[in-house]
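Undergrad: Hey, dropping start02.cif in here, mmCIF, C-alpha atoms:
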```
data_start
loop_
_atom_site.label_atom_id
_atom_site.label_comp_id
_atom_site.auth_asym_id
_atom_site.auth_seq_id
_atom_site.Cartn_x
_atom_site.Cartn_y
_atom_site.Cartn_z
CA MET A 1 2.73 -26.59 -43.12
CA LYS A 2 -0.55 -24.71 -43.07
CA GLN A 3 -2.41 -28.02 -43.38
CA TRP A 4 -1.27 -29.10 -39.91
CA LEU A 5 -2.75 -26.05 -38.18
CA GLU A 6 -5.86 -26.09 -40.37
CA THR A 7 -6.56 -29.71 -39.45
CA ARG A 8 -6.29 -28.86 -35.75
CA GLU A 9 -8.83 -26.06 -36.24
CA VAL A 10 -11.16 -28.38 -38.18
CA LEU A 11 -11.03 -31.07 -35.49
CA ASP A 12 -11.56 -28.53 -32.72
CA ARG A 13 -14.64 -27.18 -34.51
CA LEU A 14 -15.92 -30.69 -35.23
CA ALA A 15 -15.66 -31.60 -31.54
CA GLU A 16 -17.64 -28.48 -30.62
CA LEU A 17 -20.39 -29.27 -33.10
CA LEU A 18 -20.69 -32.90 -32.03
CA GLU A 19 -20.82 -31.89 -28.38
CA ASP A 20 -23.75 -29.62 -29.24
CA GLY A 21 -25.46 -32.48 -31.09
CA LYS A 22 -24.95 -30.94 -34.52
CA GLY A 23 -23.77 -32.68 -37.66
CA ALA A 24 -20.90 -31.70 -39.93
CA ALA A 25 -19.49 -32.72 -43.30
CA LEU A 26 -15.82 -32.63 -44.19
CA ALA A 27 -14.48 -31.86 -47.67
CA THR A 28 -10.91 -32.98 -48.44
CA VAL A 29 -9.03 -32.13 -51.62
CA VAL A 30 -7.74 -35.46 -52.97
CA GLY A 31 -6.56 -34.45 -56.44
CA VAL A 32 -5.47 -31.33 -58.33
CA ARG A 33 -4.83 -30.90 -62.04
CA GLY A 34 -3.48 -27.64 -63.35
CA SER A 35 -3.41 -24.45 -61.32
CA ALA A 36 -5.20 -24.37 -57.97
CA TYR A 37 -5.07 -22.23 -54.83
CA ARG A 38 -4.83 -25.19 -52.43
CA ARG A 39 -3.15 -28.56 -52.78
CA GLU A 40 -4.10 -32.13 -51.88
CA GLY A 41 -5.00 -32.51 -48.23
CA ALA A 42 -6.69 -29.11 -47.84
CA LYS A 43 -9.87 -29.39 -45.75
CA MET A 44 -13.12 -27.55 -45.16
CA LEU A 45 -15.65 -28.47 -42.48
CA VAL A 46 -19.28 -27.46 -43.06
CA ALA A 47 -21.82 -27.39 -40.23
CA GLU A 48 -25.59 -27.88 -40.55
CA ASP A 49 -26.13 -24.11 -40.55
CA GLY A 50 -23.73 -23.68 -43.48
CA SER A 51 -20.92 -22.16 -41.44
CA SER A 52 -17.48 -23.44 -42.32
CA THR A 53 -13.96 -23.87 -40.99
CA GLY A 54 -10.95 -24.14 -43.28
CA ASN A 55 -10.98 -23.77 -47.05
CA VAL A 56 -10.28 -25.65 -50.25
CA SER A 57 -9.56 -22.64 -52.46
CA GLY A 58 -9.16 -18.90 -52.29
CA GLY A 59 -12.93 -18.46 -52.19
CA CYS A 60 -14.06 -19.46 -55.67
CA LEU A 61 -15.01 -23.06 -54.81
CA GLU A 62 -16.34 -22.79 -51.28
CA ALA A 63 -19.96 -22.09 -52.18
CA ASP A 64 -20.16 -25.23 -54.32
CA VAL A 65 -18.44 -27.32 -51.67
CA ARG A 66 -20.90 -26.03 -49.09
CA GLU A 67 -23.83 -27.04 -51.30
CA VAL A 68 -22.52 -30.57 -51.69
CA ALA A 69 -21.69 -30.80 -47.98
CA LEU A 70 -25.24 -29.88 -46.95
CA ARG A 71 -26.57 -32.52 -49.34
CA VAL A 72 -24.21 -35.11 -47.83
CA LEU A 73 -25.42 -34.15 -44.35
CA GLY A 74 -28.94 -34.95 -45.48
CA SER A 75 -28.22 -38.22 -47.26
CA GLY A 76 -25.31 -39.52 -45.21
CA ALA A 77 -23.63 -40.79 -48.39
CA ALA A 78 -20.13 -39.57 -49.18
CA GLU A 79 -19.59 -37.90 -52.56
CA LEU A 80 -16.42 -37.76 -54.65
CA ARG A 81 -16.74 -34.77 -56.93
CA SER A 82 -14.70 -32.98 -59.56
CA LEU A 83 -14.77 -29.20 -59.47
CA CYS A 84 -13.70 -27.15 -62.46
CA GLY A 85 -11.89 -24.02 -61.36
CA GLY A 86 -11.58 -22.54 -64.86
CA PRO A 87 -13.85 -20.60 -67.17
CA VAL A 88 -15.36 -23.77 -68.63
CA VAL A 89 -17.99 -25.33 -66.42
CA GLY A 90 -17.46 -29.05 -65.99
CA ALA A 91 -19.88 -31.83 -65.29
CA GLY A 92 -19.04 -31.93 -61.59
CA TRP A 93 -19.56 -29.09 -59.19
CA ASP A 94 -20.78 -25.83 -60.67
CA GLY A 95 -19.03 -22.56 -60.91
CA GLY A 96 -15.80 -21.85 -62.58
CA GLY A 97 -13.26 -19.89 -60.62
CA GLY A 98 -10.06 -17.97 -61.04
CA CYS A 99 -7.36 -20.64 -60.95
CA GLU A 100 -8.37 -22.52 -64.13
CA GLY A 101 -7.44 -25.87 -62.63
CA GLN A 102 -9.50 -28.88 -61.66
CA VAL A 103 -9.95 -29.97 -58.06
CA GLU A 104 -11.25 -33.34 -56.97
CA GLY A 105 -12.62 -33.60 -53.48
CA LEU A 106 -14.29 -36.08 -51.19
CA VAL A 107 -17.15 -34.83 -49.03
CA GLU A 108 -18.20 -37.08 -46.16
CA ARG A 109 -20.39 -36.83 -43.10
CA ARG A 110 -18.32 -36.94 -39.93
CA PRO A 111 -20.19 -38.75 -37.14
CA ARG A 112 -17.26 -38.36 -34.74
CA ALA A 113 -13.87 -36.76 -34.32
CA ARG A 114 -10.89 -39.02 -34.89
CA ALA A 115 -9.07 -39.31 -31.58
CA ALA A 116 -5.95 -40.82 -33.13
CA ALA A 117 -5.39 -37.88 -35.48
CA ARG A 118 -5.95 -35.32 -32.75
CA GLU A 119 -3.56 -37.08 -30.39
CA LEU A 120 -0.83 -37.16 -33.05
CA LEU A 121 -1.40 -33.53 -33.98
CA ASP A 122 -1.12 -32.48 -30.35
CA GLY A 123 2.04 -34.55 -29.95
CA GLU A 124 3.52 -33.09 -33.16
CA VAL A 125 4.22 -36.58 -34.50
CA PRO A 126 4.48 -37.09 -38.30
CA PHE A 127 1.70 -39.40 -39.48
CA ALA A 128 -0.45 -40.40 -42.43
CA SER A 129 -4.17 -41.10 -42.59
CA CYS A 130 -5.01 -43.52 -45.42
CA TRP A 131 -8.33 -44.52 -46.93
CA GLU A 132 -9.87 -45.83 -50.13
CA LEU A 133 -11.71 -43.34 -52.28
CA ALA A 134 -14.43 -45.90 -52.93
CA ARG A 135 -15.12 -46.41 -49.21
CA PRO A 136 -13.67 -43.65 -47.04
CA ALA A 137 -15.02 -44.85 -43.69
CA PRO A 138 -12.22 -47.29 -42.67
CA ARG A 139 -8.99 -45.44 -41.92
CA LEU A 140 -5.45 -46.66 -41.46
CA VAL A 141 -3.43 -44.16 -39.41
CA LEU A 142 0.32 -44.66 -39.50
CA THR A 143 3.36 -43.25 -37.77
CA ARG A 144 6.93 -44.33 -38.36
CA SER A 145 6.63 -46.91 -35.61
CA GLY A 146 2.98 -47.81 -35.24
CA ALA A 147 -0.45 -48.19 -36.83
CA ARG A 148 -4.08 -47.79 -35.85
CA GLY A 149 -7.10 -49.02 -37.75
CA SER A 150 -7.19 -51.07 -40.92
CA LEU A 151 -8.27 -51.01 -44.56
CA ASP A 152 -8.50 -54.76 -45.12
CA GLY A 153 -6.66 -56.37 -42.21
CA GLY A 154 -4.06 -57.88 -44.50
CA ALA A 155 -1.96 -57.32 -47.61
CA LEU A 156 -3.46 -53.94 -48.52
CA ASP A 157 -2.61 -52.57 -45.08
CA ALA A 158 1.00 -53.70 -45.43
CA ARG A 159 1.47 -52.17 -48.87
CA VAL A 160 -0.21 -48.90 -47.94
CA ALA A 161 1.84 -48.71 -44.74
CA ALA A 162 5.12 -49.08 -46.64
CA LEU A 163 4.07 -46.42 -49.14
CA ALA A 164 2.85 -43.95 -46.50
CA ARG A 165 5.93 -44.29 -44.30
CA SER A 166 8.15 -43.51 -47.27
CA ARG A 167 6.42 -40.12 -47.49
CA LEU A 168 6.57 -39.20 -43.81
CA GLY A 169 8.90 -36.35 -43.02
CA GLU A 170 8.66 -34.64 -46.40
CA GLU A 171 8.44 -30.92 -45.83
CA GLU A 172 6.03 -30.06 -48.59
CA SER A 173 2.61 -31.57 -49.08
CA ALA A 174 3.02 -35.25 -49.87
CA SER A 175 -0.70 -36.08 -49.77
CA ALA A 176 -1.87 -37.85 -52.93
CA VAL A 177 -3.94 -40.66 -54.40
CA HIS A 178 -2.00 -43.87 -55.11
CA ALA A 179 -3.01 -47.01 -56.99
CA VAL A 180 -2.37 -49.87 -54.57
CA ALA A 181 -3.36 -53.42 -55.49
CA GLY A 182 -5.88 -52.10 -57.99
CA ARG A 183 -7.49 -49.70 -55.51
CA ASP A 184 -7.30 -45.91 -55.31
CA VAL A 185 -5.98 -45.04 -51.86
CA PHE A 186 -5.61 -41.49 -50.61
CA VAL A 187 -2.56 -41.05 -48.39
CA ASP A 188 -3.00 -37.88 -46.35
CA VAL A 189 0.42 -36.96 -44.95
CA PHE A 190 0.83 -34.70 -41.93
CA THR A 191 4.26 -33.27 -41.16
CA PRO A 192 4.71 -30.97 -38.13
CA PRO A 193 5.38 -27.42 -39.28
CA PRO A 194 8.92 -26.05 -38.93
CA ARG A 195 9.97 -23.99 -35.95
CA LEU A 196 10.97 -20.34 -36.12
CA VAL A 197 13.17 -19.31 -33.21
CA ILE A 198 13.07 -15.54 -32.73
CA VAL A 199 15.96 -14.40 -30.56
CA SER A 200 14.52 -11.26 -28.99
CA ALA A 201 11.33 -10.34 -27.22
CA GLY A 202 11.60 -6.70 -28.22
CA ASP A 203 8.76 -4.76 -29.77
CA ASP A 204 9.91 -5.30 -33.34
CA ALA A 205 9.89 -9.07 -32.78
CA ARG A 206 6.14 -9.05 -32.15
CA PRO A 207 4.97 -8.62 -35.79
CA LEU A 208 7.46 -11.28 -36.89
CA ALA A 209 6.09 -13.72 -34.31
CA ARG A 210 2.51 -12.90 -35.25
CA LEU A 211 2.95 -13.26 -39.00
CA ALA A 212 5.05 -16.42 -38.64
CA ALA A 213 2.36 -18.08 -36.52
CA GLU A 214 -0.35 -17.06 -38.98
CA ILE A 215 1.42 -18.73 -41.91
CA GLY A 216 2.03 -21.92 -39.97
CA PHE A 217 5.37 -21.79 -38.15
CA ARG A 218 5.74 -23.09 -34.61
CA VAL A 219 7.08 -19.90 -33.07
CA VAL A 220 9.61 -19.95 -30.22
CA VAL A 221 10.62 -16.60 -28.72
CA VAL A 222 13.90 -16.56 -26.80
CA ASP A 223 15.24 -13.75 -24.61
CA ARG A 224 17.29 -13.38 -21.46
CA ARG A 225 14.75 -10.86 -20.13
CA PRO A 226 11.81 -12.81 -18.67
CA ALA A 227 9.70 -9.70 -18.13
CA LEU A 228 9.26 -9.33 -21.91
CA LEU A 229 8.33 -12.97 -22.50
CA THR A 230 4.59 -12.83 -21.86
CA PRO A 231 1.62 -14.40 -23.67
CA GLU A 232 0.09 -10.93 -23.97
CA ARG A 233 3.05 -9.75 -26.02
CA PHE A 234 3.35 -12.95 -28.07
CA PRO A 235 -0.10 -14.59 -28.16
CA GLY A 236 0.68 -16.84 -31.14
CA ALA A 237 3.98 -18.20 -29.88
CA ARG A 238 4.20 -21.91 -29.07
CA GLU A 239 6.98 -21.38 -26.53
CA LEU A 240 8.44 -18.47 -24.59
CA VAL A 241 11.94 -19.38 -23.42
CA THR A 242 14.13 -17.44 -21.03
CA ALA A 243 17.67 -18.37 -22.02
CA ARG A 244 21.10 -16.80 -22.15
CA PRO A 245 23.18 -17.63 -25.22
CA GLU A 246 25.03 -20.48 -23.52
CA GLU A 247 21.66 -22.02 -22.57
CA LEU A 248 19.98 -21.73 -25.97
CA ALA A 249 20.99 -25.09 -27.46
CA ARG A 250 19.92 -26.99 -24.35
CA ARG A 251 16.67 -25.10 -23.78
CA VAL A 252 15.50 -24.94 -27.41
CA ALA A 253 17.28 -27.90 -29.09
CA PRO A 254 17.31 -26.44 -32.63
CA GLY A 255 17.11 -29.12 -35.32
CA ALA A 256 17.10 -29.40 -39.10
CA ASP A 257 13.48 -28.18 -39.13
CA THR A 258 14.43 -24.98 -37.27
CA TYR A 259 14.87 -21.48 -38.68
CA ALA A 260 16.10 -18.59 -36.56
CA VAL A 261 16.20 -14.81 -36.61
CA VAL A 262 18.58 -12.97 -34.26
CA MET A 263 17.43 -9.42 -33.59
CA THR A 264 18.38 -8.30 -30.08
CA HIS A 265 19.86 -4.94 -31.24
CA ASN A 266 22.71 -5.63 -28.84
CA TYR A 267 26.05 -6.41 -30.48
CA VAL A 268 27.38 -8.59 -27.68
CA ASP A 269 24.11 -10.55 -27.42
CA ASP A 270 23.76 -10.98 -31.19
CA ARG A 271 27.31 -12.28 -31.35
CA ALA A 272 26.80 -14.76 -28.53
CA TYR A 273 23.44 -16.03 -29.79
CA LEU A 274 24.77 -16.43 -33.33
CA GLY A 275 27.69 -18.42 -31.97
CA ALA A 276 25.29 -20.70 -30.10
CA LEU A 277 23.07 -21.22 -33.14
CA ALA A 278 26.01 -21.82 -35.48
CA ALA A 279 26.88 -24.92 -33.46
CA THR A 280 23.46 -26.50 -34.12
CA PRO A 281 21.90 -28.06 -37.26
CA VAL A 282 19.54 -25.08 -37.68
CA ARG A 283 18.54 -24.57 -41.33
CA TYR A 284 18.67 -20.76 -41.48
CA ILE A 285 19.98 -17.93 -39.31
CA GLY A 286 18.79 -14.44 -40.18
CA MET A 287 20.69 -11.50 -38.67
CA LEU A 288 19.03 -8.12 -38.31
CA GLY A 289 21.34 -5.20 -38.97
CA PRO A 290 23.83 -3.96 -41.58
CA ARG A 291 25.92 -6.39 -43.60
CA GLN A 292 29.17 -5.00 -42.18
CA ARG A 293 27.95 -5.66 -38.64
CA THR A 294 27.11 -9.29 -39.43
CA GLU A 295 30.45 -9.82 -41.19
CA ARG A 296 32.29 -8.39 -38.22
CA ILE A 297 30.47 -10.77 -35.87
CA ARG A 298 31.24 -13.74 -38.10
CA SER A 299 34.88 -12.74 -38.34
CA GLU A 300 35.18 -12.55 -34.57
CA LEU A 301 33.43 -15.88 -34.07
CA ALA A 302 35.68 -17.52 -36.64
CA ARG A 303 38.62 -17.03 -34.30
CA GLU A 304 36.82 -19.11 -31.67
CA GLY A 305 35.37 -21.88 -33.79
CA PRO A 306 34.04 -22.80 -37.25
CA VAL A 307 31.15 -20.62 -38.40
CA GLU A 308 31.83 -20.58 -42.13
CA GLU A 309 29.35 -23.39 -42.77
CA ALA A 310 26.60 -21.79 -40.69
CA PRO A 311 23.63 -20.74 -42.87
CA VAL A 312 23.82 -17.06 -41.92
CA HIS A 313 21.71 -14.55 -43.86
CA GLY A 314 22.58 -10.98 -42.99
CA PRO A 315 20.97 -8.61 -43.46
CA VAL A 316 17.90 -10.78 -42.99
CA GLY A 317 15.17 -10.83 -45.63
CA LEU A 318 14.53 -10.16 -49.31
CA ASP A 319 15.13 -6.81 -50.98
CA ILE A 320 11.59 -5.48 -51.16
CA GLY A 321 12.28 -1.99 -49.83
CA ALA A 322 10.99 -2.87 -46.37
CA ASP A 323 10.44 -0.04 -43.89
CA GLY A 324 9.29 -0.67 -40.33
CA PRO A 325 8.90 -3.83 -38.23
CA GLU A 326 5.91 -5.25 -40.10
CA GLN A 327 7.53 -4.95 -43.52
CA VAL A 328 10.85 -6.28 -42.22
CA ALA A 329 8.94 -9.27 -40.82
CA LEU A 330 7.32 -9.87 -44.20
CA SER A 331 10.70 -9.63 -45.93
CA ALA A 332 12.32 -12.07 -43.49
CA LEU A 333 9.54 -14.64 -43.75
CA ALA A 334 9.57 -14.47 -47.54
CA GLU A 335 13.28 -15.31 -47.53
CA ILE A 336 12.79 -18.13 -45.03
CA LEU A 337 10.03 -19.68 -47.15
CA ALA A 338 12.26 -19.44 -50.23
CA VAL A 339 15.10 -21.19 -48.38
CA ARG A 340 12.73 -23.84 -47.11
CA SER A 341 11.43 -24.62 -50.60
CA GLY A 342 14.85 -24.48 -52.22
CA ARG A 343 13.89 -21.65 -54.53
CA ARG A 344 15.60 -18.52 -55.72
CA PRO A 345 13.02 -15.76 -55.29
CA VAL A 346 11.81 -14.32 -58.59
CA PRO A 347 8.51 -12.75 -59.66
CA LEU A 348 6.04 -15.50 -60.52
CA ARG A 349 5.49 -13.96 -63.95
CA GLU A 350 9.13 -14.86 -64.73
CA ARG A 351 8.80 -18.48 -63.65
CA THR A 352 8.69 -20.82 -66.63
CA ARG A 353 7.60 -23.94 -64.71
CA PRO A 354 4.29 -24.53 -62.88
CA ILE A 355 4.22 -22.91 -59.45
CA HIS A 356 3.73 -26.16 -57.56
CA VAL A 357 6.53 -28.07 -59.33
CA PRO A 358 9.56 -28.28 -57.03
CA SER A 359 12.49 -26.23 -58.25
CA GLY A 360 15.08 -27.18 -55.64
CA ALA A 361 16.30 -30.01 -53.53
CA HIS A 362 13.70 -29.43 -50.85
CA GLY A 363 10.50 -29.52 -52.89
CA GLY A 364 7.96 -26.97 -54.01
CA GLY A 365 6.44 -24.21 -51.96
#
```
Hey, can you dump this file as structure tokens for me?

TA:
Amino acid sequence: MKQWLETREVLDRLAELLEDGKGAALATVVGVRGSAYRREGAKMLVAEDGSSTGNVSGGCLEADVREVALRVLGSGAAELRSLCGGPVVGAGWDGGGGCEGQVEGLVERRPRARAAARELLDGEVPFASCWELARPAPRLVLTRSGARGSLDGGALDARVAALARSRLGEEESASAVHAVAGRDVFVDVFTPPPRLVIVSAGDDARPLARLAAEIGFRVVVVDRRPALLTPERFPGARELVTARPEELARRVAPGADTYAVVMTHNYVDDRAYLGALAATPVRYIGMLGPRQRTERIRSELAREGPVEEAPVHGPVGLDIGADGPEQVALSALAEILAVRSGRRPVPLRERTRPIHVPSGAHGGG
């Protein structure tokens, strides 16, 4: 989900550079073998002065990518390079980093921003951008219902379109290289990030909204008190919605990509908002407060309608010994990410499978 926001930042920066008459090169991770900090689809834009936006690793590969990008800016020729992230230096990019995996990336000069991608990002429409590794200039951009551009104007377009559309909507990164008709085609999949609905505009909701936005959620803050719903209090929120419990479903329209945390500190309000959320297909409902309080609310709601199937998590969060709003926010988001990826939280040192191999029904995280 971070890729969606990162791509917006990259395209914004690219537009600024082009408006100022400056060139830029874009590096895209197209393949990963072994352990790596970022996955396929990660992007890093490098300007003529060496400044960058985005990243392709945790910092160990960026200097080498920048060197290649500046060379591409001079020559104009795209380069597909293999970067060894381990202690053994490979024949591709230099270095050797901390992840001990191998990253393959394409670095290309970007003469213009791609209007189609920006339009789809702004509209929060799932799409895929497809191109051949051997000649990255032509792009085929696909949504579930339409297409822009072309790779060959014929059979290759049709086969790539069918493949790409089968990957749209997957929550985790589905970007990858595919062999299609004897050609290596990179299918870069963009899925809108999930929404986090925070039911409360109180002070302790602010760190939760901030951290959630930073890790890629589309944050919606809901409260019946409009005076608290201000951009100054929640600068990273996508929406600020004044809604009473009976209005929540209509005003917010929670879907299967929605997670929610109810934290009004008011028993009557928590009960009413939980009842409203339980009637929607929301994926997760976190309840702030003691377990007995949440069970009492659920018991009362059960007399009015079915809530047993509602995905209620109360108390919200993982058991990390959280103290204070910031730590509670971290605990809650960690649990939400675990639910989203279908994983049972355990220390990574106890995991026997690779980190990026899915361990549940909903893919890896």

Undergrad: On this structure, the PyMOL selection byres ((chain A and resi 28) around 6) would catch which residues? List them as number ranges by chain, sorted by chain and number.

TA: A: 27, 29, 41-43, 105-106

Undergrad: For a test of reading the model, state the distance in Å between CA of Asp223 (chain A) and CA of Val241 (chain A), rounded to one decimal.

TA: 6.6 Å

Undergrad: Using all atoms listed in the file, which protein or nucleic acid residues come within 8 Å of region 20-26 of chain A? Drop anything in the same chain fewer than 3 positions from it, and give the result as a compact mmCIF listing (two decimals) with C-alpha atoms, in the frame of the given file.

TA:
```
# COMPACT_ATOMS: atom_id res chain seq x y z
CA LEU A 14 -15.92 -30.69 -35.23
CA GLU A 16 -17.64 -28.48 -30.62
CA LEU A 17 -20.39 -29.27 -33.10
CA LYS A 43 -9.87 -29.39 -45.75
CA MET A 44 -13.12 -27.55 -45.16
CA LEU A 45 -15.65 -28.47 -42.48
CA VAL A 46 -19.28 -27.46 -43.06
CA ALA A 47 -21.82 -27.39 -40.23
CA GLU A 48 -25.59 -27.88 -40.55
CA ALA A 69 -21.69 -30.80 -47.98
CA LEU A 70 -25.24 -29.88 -46.95
CA VAL A 72 -24.21 -35.11 -47.83
CA LEU A 73 -25.42 -34.15 -44.35
CA LEU A 106 -14.29 -36.08 -51.19
CA VAL A 107 -17.15 -34.83 -49.03
CA GLU A 108 -18.20 -37.08 -46.16
CA ARG A 109 -20.39 -36.83 -43.10
CA ARG A 110 -18.32 -36.94 -39.93
CA PRO A 111 -20.19 -38.75 -37.14
```

Undergrad: Considering all atoms listed in the file, can you say which of A:Glu295, A:Glu79, A:Glu239, A:Asp323 comes closest to Ala213 (chain A)?

TA: A:Glu239

Undergrad: Write out as a ChimeraX atom specification which residues come within 12 Å of Val268 (chain A) when counting all atoms listed in the file, dropping same-chain ones fewer than 3 positions away.

TA: /A:244-245,262-265,271-275,293-294,296-297,300-301

Undergrad: Just the selected residues (C-alpha atoms), exported as an mmCIF file, in the frame of the given file, please.

TA:
```cif
data_model
loop_
_atom_site.group_PDB
_atom_site.id
_atom_site.type_symbol
_atom_site.label_atom_id
_atom_site.label_comp_id
_atom_site.auth_asym_id
_atom_site.auth_seq_id
_atom_site.Cartn_x
_atom_site.Cartn_y
_atom_site.Cartn_z
ATOM 1 C CA ARG A 244 21.100 -16.800 -22.150
ATOM 2 C CA PRO A 245 23.180 -17.630 -25.220
ATOM 3 C CA VAL A 262 18.580 -12.970 -34.260
ATOM 4 C CA MET A 263 17.430 -9.420 -33.590
ATOM 5 C CA THR A 264 18.380 -8.300 -30.080
ATOM 6 C CA HIS A 265 19.860 -4.940 -31.240
ATOM 7 C CA ARG A 271 27.310 -12.280 -31.350
ATOM 8 C CA ALA A 272 26.800 -14.760 -28.530
ATOM 9 C CA TYR A 273 23.440 -16.030 -29.790
ATOM 10 C CA LEU A 274 24.770 -16.430 -33.330
ATOM 11 C CA GLY A 275 27.690 -18.420 -31.970
ATOM 12 C CA ARG A 293 27.950 -5.660 -38.640
ATOM 13 C CA THR A 294 27.110 -9.290 -39.430
ATOM 14 C CA ARG A 296 32.290 -8.390 -38.220
ATOM 15 C CA ILE A 297 30.470 -10.770 -35.870
ATOM 16 C CA GLU A 300 35.180 -12.550 -34.570
ATOM 17 C CA LEU A 301 33.430 -15.880 -34.070
#
```

Undergrad: Quick one, how far is CA of Glu247 (chain A) from CA of Arg233 (chain A)?

TA: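 Going from CA of Glu247 (chain A) over to CA of Arg233 (chain A), I get 22.6 Å.
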
Undergrad: Could you please determine the separation between CA of Leu151 (chain A) and CA of Leu80 (chain A) in Å, to one decimal place?

TA: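 So the answer is 18.5 Å.
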
Undergrad: Please write as a PyMOL selection string the full residue list that the PyMOL selection byres ((chain A and resi 177-192) around 6) yields on this file.

TA: chain A and resi 124+126-133+169+174-176+193

Undergrad: Which residues of region 211-324 of chain A come within 10 Å of region 334-338 of chain A, and for each one, what is the closest pair of atoms and their distance in Å to one decimal, counting all atoms listed in the file, sorted by chain and residue number, as a tab-separated table?

TA:
```
residue	atom	partner	partner_atom	distance
A:Tyr259	CA	A:Ile336	CA	7.5
A:Ala260	CA	A:Ile336	CA	9.1
A:Val261	CA	A:Ile336	CA	9.7
A:Arg283	CA	A:Ile336	CA	9.4
A:Tyr284	CA	A:Ile336	CA	7.4
A:Ile285	CA	A:Ile336	CA	9.2
A:Gly286	CA	A:Ile336	CA	8.6
A:His313	CA	A:Glu335	CA	9.2
A:Val316	CA	A:Glu335	CA	7.9
A:Gly317	CA	A:Glu335	CA	5.2
A:Leu318	CA	A:Glu335	CA	5.6
A:Asp319	CA	A:Glu335	CA	9.4
A:Ile320	CA	A:Ala334	CA	9.9
```

Undergrad: Excluding same-chain residues fewer than 4 positions from Ser150 (chain A), what lies within 9 Å of it counting only C-alpha atoms, as an NGL selection string?

TA: :A and (131 or 138-141 or 154 or 156-157)

Undergrad: Would you save the residues from that selection as a short mmCIF file (atom, residue, chain, number, x, y, z; two decimals), in the coordinates of the input, using C-alpha atoms?

TA:
```
data_model
loop_
_atom_site.label_atom_id
_atom_site.label_comp_id
_atom_site.auth_asym_id
_atom_site.auth_seq_id
_atom_site.Cartn_x
_atom_site.Cartn_y
_atom_site.Cartn_z
CA TRP A 131 -8.33 -44.52 -46.93
CA PRO A 138 -12.22 -47.29 -42.67
CA ARG A 139 -8.99 -45.44 -41.92
CA LEU A 140 -5.45 -46.66 -41.46
CA VAL A 141 -3.43 -44.16 -39.41
CA GLY A 154 -4.06 -57.88 -44.50
CA LEU A 156 -3.46 -53.94 -48.52
CA ASP A 157 -2.61 -52.57 -45.08
#
```

Undergrad: Find the residue from A:Ala249, A:Ala137, A:Leu333, A:Ala162 that sits nearest to Leu211 (chain A); use all atoms listed in the file when measuring.

TA: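 The closest residue to Leu211 (chain A) is A:Leu333.
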
Undergrad: Which residues would end up in the selection if the PyMOL selection byres ((chain A and resi 205) around 12) were applied here, given that I need the answer as number ranges by chain?

TA: A: 196-204, 206-212, 219-223, 228-229, 233-234, 237, 260-265, 288, 324-330, 332

Undergrad: Smallest atom-to-atom distance to Cys60 (chain A): which of A:Pro231, A:Gly101, A:Pro136, A:Gly34, using all atoms listed in the file?

TA: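 Of A:Pro231, A:Gly101, A:Pro136, A:Gly34, the one nearest Cys60 (chain A) is A:Gly101, counting all atoms listed in the file.
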
Undergrad: Can you tell me which residues surround Arg112 (chain A) at a distance of at most 9 Å, considering only C-alpha atoms, apart from same-chain residues fewer than 3 positions away, and format the answer as a list in words?

TA: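 With the cut-off at 9 Å, the set is Leu14, Ala15, Leu18 and Ala115 of chain A.
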
Undergrad: Output as JSON the centre and edge lengths (Å, one decimal) of the box along x, y and z of the file that holds every listed atom of region 241-249 of chain A after adding 5 Å on each side.

TA:
```
{"center_x": 18.5, "center_y": -20.9, "center_z": -24.2, "size_x": 23.1, "size_y": 18.3, "size_z": 16.4}
```
